[in-house]
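S.K.: This is the structure I have questions about; it appears just below.
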Amino acid sequence: MPKPRIVRVVTASYVVPWHLDNTLRRITSDFDVTVVGQGVSSNEAAYPGIEWVDIDLNRKISVFADLRALWQLCRLFRARKPDIVHSIMPKAGLISALAGFICRVPIRVHTFTGQIWTNRRPVARLVLYLLDRTINALNTVCLTDSPSQSQLLYRHGFSSHGLPLPVLGQGSLSGVDFSRFDQSGQDARRKQLRTDLGIGEQDFVFAFVARKSREKGAIDMIRAFSQVTAAHEVARLLFVGPDESSGELAAMRKDTPALFKNVDDIGQVPDHERYLAISQVLCLPSYREGFGSIVIDAAATGVPVIGSDIAGLVDSIENGKTGLLIPPGNIGKLVQAMLSMLENPQDCRQMGFAARHRAEDLFAADKMYALLRDFYFVKLSEKP
């Protein structure tokens, strides 16, 4: 019998390796899969057996471009006749939900991650909230990427038959592939990277691996780290990710260059596992976050995480055991947490060990794919 047809809809190509990698490496044995989004065909060589269709689903709002994307997605759905369409990210979710509803795709799924409306001003908050409600209404089923996201949405009126939106397992979008983060036999590569970056054997390395935006806590990270390195010269920061600060970081560097002492400012990288492998602690002081895939990536490397006490991260970080949770926006608490890790290296290492064991138990990629596969087959069995 032919395999069921799945269309995965994302905003842009960067979403694929960050959030779909583990799924796409396993899914072709069970389903025929098409991935749609802006520039996604750039991933074609890495994932044999997947069809790629480039449609401009830019994160920024543009009425003309968005209507054009809707029309293109409708054409694709009518041509491919998918059994399931499954979207992630807000813009992709809205356009996919509209196109899937118009074309009567039998099973329409969206996975909610961090809600962008939670910390916006009232008018923008209302508009974005209503768009998410539209996504929830037009799809046949919506998931979230963590239990706390489900509870947050439930408190704001999102439900599935009167209950919180379902979660696969304990959360995450596709789990973590431990083979990618296996550090056995990698001593030479780690040493070379440390040498290339000028990191000494006695240095204590913090990492920030995310989009460098205020929302992700990038500004707080720089301000907090400047206080840590003032107290401990051995502190280093790997500041990794694309700069989306709208010039704010550049202005800080120009006006107060001392803030960037001992900071290795690195752009977007395809192999963030190399940077995690030479770090002692990952910091993620976000104001809004989904489950936080980078958290379990760090855990697979034995690296504990300092993260904000917000929906999503409270599921990926077990406070006091696999990392530390701090109030979002509280630079003082972030500094205290970083100093605690640096000044108590044995406790830090123990948290890293615990993080890896927890990730192995709950978030292994094979386990997460099995849950997704079973979810799809259950929905297919319910199809009229």
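The chains in the structure tokens are called A, B, ... from first to last as shown; in each chain the residues are counted from 1, and the ligands are counted from 1 in the order shown.
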If you run DSSP on this backbone, which residues of segment 273-318 of chain A come out as strand (DSSP E or B), and could you give them as a ChimeraX atom specification?
M.R.: /A:281-284,305-308
S.K.: Taking only C-alpha atoms into account, produce a table as CSV in which each residue of segment 126-238 of chain A with an atom at most 8 Å from an atom of segment 359-381 of chain A appears once, together with its shortest atom pair and the distance in Å to one decimal, ordered by chain and rising number.
M.R.:
residue,atom,partner,partner_atom,distance
A:Leu168,CA,A:Leu371,CA,6.2
A:Gly169,CA,A:Leu371,CA,7.1
A:Gln170,CA,A:Leu362,CA,6.6
A:Gly171,CA,A:Phe363,CA,7.7
A:Ser172,CA,A:Phe363,CA,7.3
A:Leu173,CA,A:Met368,CA,8.0
A:Ser174,CA,A:Met368,CA,5.8
A:Gly175,CA,A:Ala365,CA,4.3
A:Val176,CA,A:Ala365,CA,4.8
A:Asp177,CA,A:Ala365,CA,5.1
A:Phe178,CA,A:Ala364,CA,7.2
S.K.: Given the selection you just returned, output its residues as a file containing C-alpha atoms, formatted as an mmCIF file, in the first residue's frame.
M.R.:
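Heads up, here's the output in selection-v9.cif:
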data_model
loop_
_atom_site.group_PDB
_atom_site.id
_atom_site.type_symbol
_atom_site.label_atom_id
_atom_site.label_comp_id
_atom_site.auth_asym_id
_atom_site.auth_seq_id
_atom_site.Cartn_x
_atom_site.Cartn_y
_atom_site.Cartn_z
ATOM 1 C CA LEU A 168 3.854 14.091 22.852
ATOM 2 C CA GLY A 169 5.642 12.482 25.770
ATOM 3 C CA GLN A 170 7.244 15.019 28.086
ATOM 4 C CA GLY A 171 7.753 17.556 25.303
ATOM 5 C CA SER A 172 10.255 18.777 22.675
ATOM 6 C CA LEU A 173 9.739 18.936 18.920
ATOM 7 C CA SER A 174 11.929 16.017 17.871
ATOM 8 C CA GLY A 175 14.070 15.024 20.830
ATOM 9 C CA VAL A 176 17.844 14.722 20.784
ATOM 10 C CA ASP A 177 20.023 12.330 18.788
ATOM 11 C CA PHE A 178 22.763 11.288 21.185
#
S.K.: Hey, what's within 10 Å of segment 111-127 of chain A if we count only C-alpha atoms and toss same-chain stuff fewer than 3 positions away? As number ranges by chain, please?
M.R.: A: 86-90, 93, 130-133, 135-136, 141-146, 149-150, 152-153, 165-167, 172-173, 215, 287-292, 310-313
S.K.: Neighbours of segment 341-351 of chain A within 12 Å (only C-alpha atoms; same-chain residues fewer than 5 positions away dropped), as a CSV table (one decimal) with C-alpha atoms, in the first residue's frame?
M.R.:
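Here's the written file out10.csv:
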chain,number,residue,atom,x,y,z
A,202,GLN,CA,41.8,27.1,33.2
A,203,ASP,CA,39.0,29.2,31.6
A,204,PHE,CA,35.4,28.5,32.6
A,205,VAL,CA,33.3,28.7,29.5
A,206,PHE,CA,29.6,29.9,29.4
A,225,PHE,CA,28.5,38.3,31.9
A,228,VAL,CA,30.9,37.8,36.2
A,229,THR,CA,34.1,38.3,34.3
A,231,ALA,CA,34.8,39.0,39.4
A,232,HIS,CA,36.6,36.1,37.7
A,233,GLU,CA,39.0,36.7,34.9
A,234,VAL,CA,38.8,33.0,33.9
A,235,ALA,CA,35.2,33.4,32.7
A,236,ARG,CA,34.6,33.3,28.9
A,279,SER,CA,31.4,24.8,27.4
A,280,GLN,CA,30.7,24.3,31.1
A,281,VAL,CA,27.3,26.0,31.2
A,282,LEU,CA,24.7,27.0,28.7
A,283,CYS,CA,22.7,30.2,29.5
A,298,ALA,CA,23.4,20.7,25.9
A,299,ALA,CA,22.2,17.9,28.2
A,301,THR,CA,26.8,16.9,25.9
A,302,GLY,CA,26.7,16.8,29.7
A,303,VAL,CA,26.2,20.6,30.0
A,304,PRO,CA,23.8,22.1,32.6
A,305,VAL,CA,21.7,25.1,31.7
A,306,ILE,CA,20.8,28.4,33.4
A,317,ILE,CA,15.3,22.2,33.0
A,318,GLU,CA,14.8,20.5,36.3
A,319,ASN,CA,15.6,23.3,38.7
A,320,GLY,CA,18.5,22.5,41.1
A,321,LYS,CA,19.1,19.1,39.4
A,322,THR,CA,19.9,19.6,35.7
A,323,GLY,CA,20.3,23.4,35.9
A,324,LEU,CA,19.0,26.5,37.5
A,334,LEU,CA,21.4,35.6,36.4
A,335,VAL,CA,24.8,36.8,37.7
A,336,GLN,CA,24.3,34.9,41.0
A,356,ARG,CA,22.3,13.8,30.3
A,357,HIS,CA,20.6,11.0,32.1
A,358,ARG,CA,17.3,12.8,32.2
S.K.: Report as a ChimeraX atom specification all protein, DNA and RNA residues lying within 9 Å of Ala218 of chain A, evaluated on only C-alpha atoms, omitting residues in the same chain fewer than 3 positions from it.
M.R.: /A:208,210-215,221-223,239,245,249,284-286
S.K.: Can you check which residues of segment 8-185 of chain A DSSP gives as helix (DSSP H, G or I) on the backbone and send them as a VMD selection string?
M.R.: chain A and resid 15 to 27 40 to 46 63 to 80 90 to 102 116 to 119 122 to 138 147 to 155
S.K.: What lies within 10 Å of Ala46 of chain A using only C-alpha atoms, ignoring chain neighbours under 2 positions off, as JSON, numbers by chain?
M.R.: {"A": [17, 21, 24, 25, 42, 43, 44, 48, 49, 50]}
S.K.: Could you list, as a list in words, every residue within 12 Å of segment 59-62 of chain A, counting only C-alpha atoms and ignoring same-chain residues fewer than 5 positions away?
M.R.: Val10, Thr11, Ala12, Ser13, Tyr14, Val15, Gly37, Gln38, Leu67, Arg68, Ala69, Leu70, Ile88, Met89, Pro90, Lys91, Ala92, Gly93, Leu94, Ile95, Ile116 and Leu128 of chain A
S.K.: Between A:Gln227, A:Pro164, A:Arg78, A:Trp52, which residue has the minimum interatomic distance to Gln151 of chain A, considering only C-alpha atoms?
M.R.: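 Using only C-alpha atoms, the shortest distance to Gln151 of chain A belongs to A:Pro164.
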S.K.: Under the rule that only C-alpha atoms are counted, which of A:Ala79, A:Lys261, A:Ala97, A:Ile219 is the nearest residue to Ser246 of chain A?
M.R.: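 Residue with the minimum atom-to-atom distance to Ser246 of chain A: A:Ile219.
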S.K.: So, with only C-alpha atoms as the atoms that count, which of A:Thr28, A:Leu57, A:Ala65, A:Ala99 lies closest to Val40 of chain A?
M.R.: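 So, comparing all the options, the nearest one is A:Leu57.
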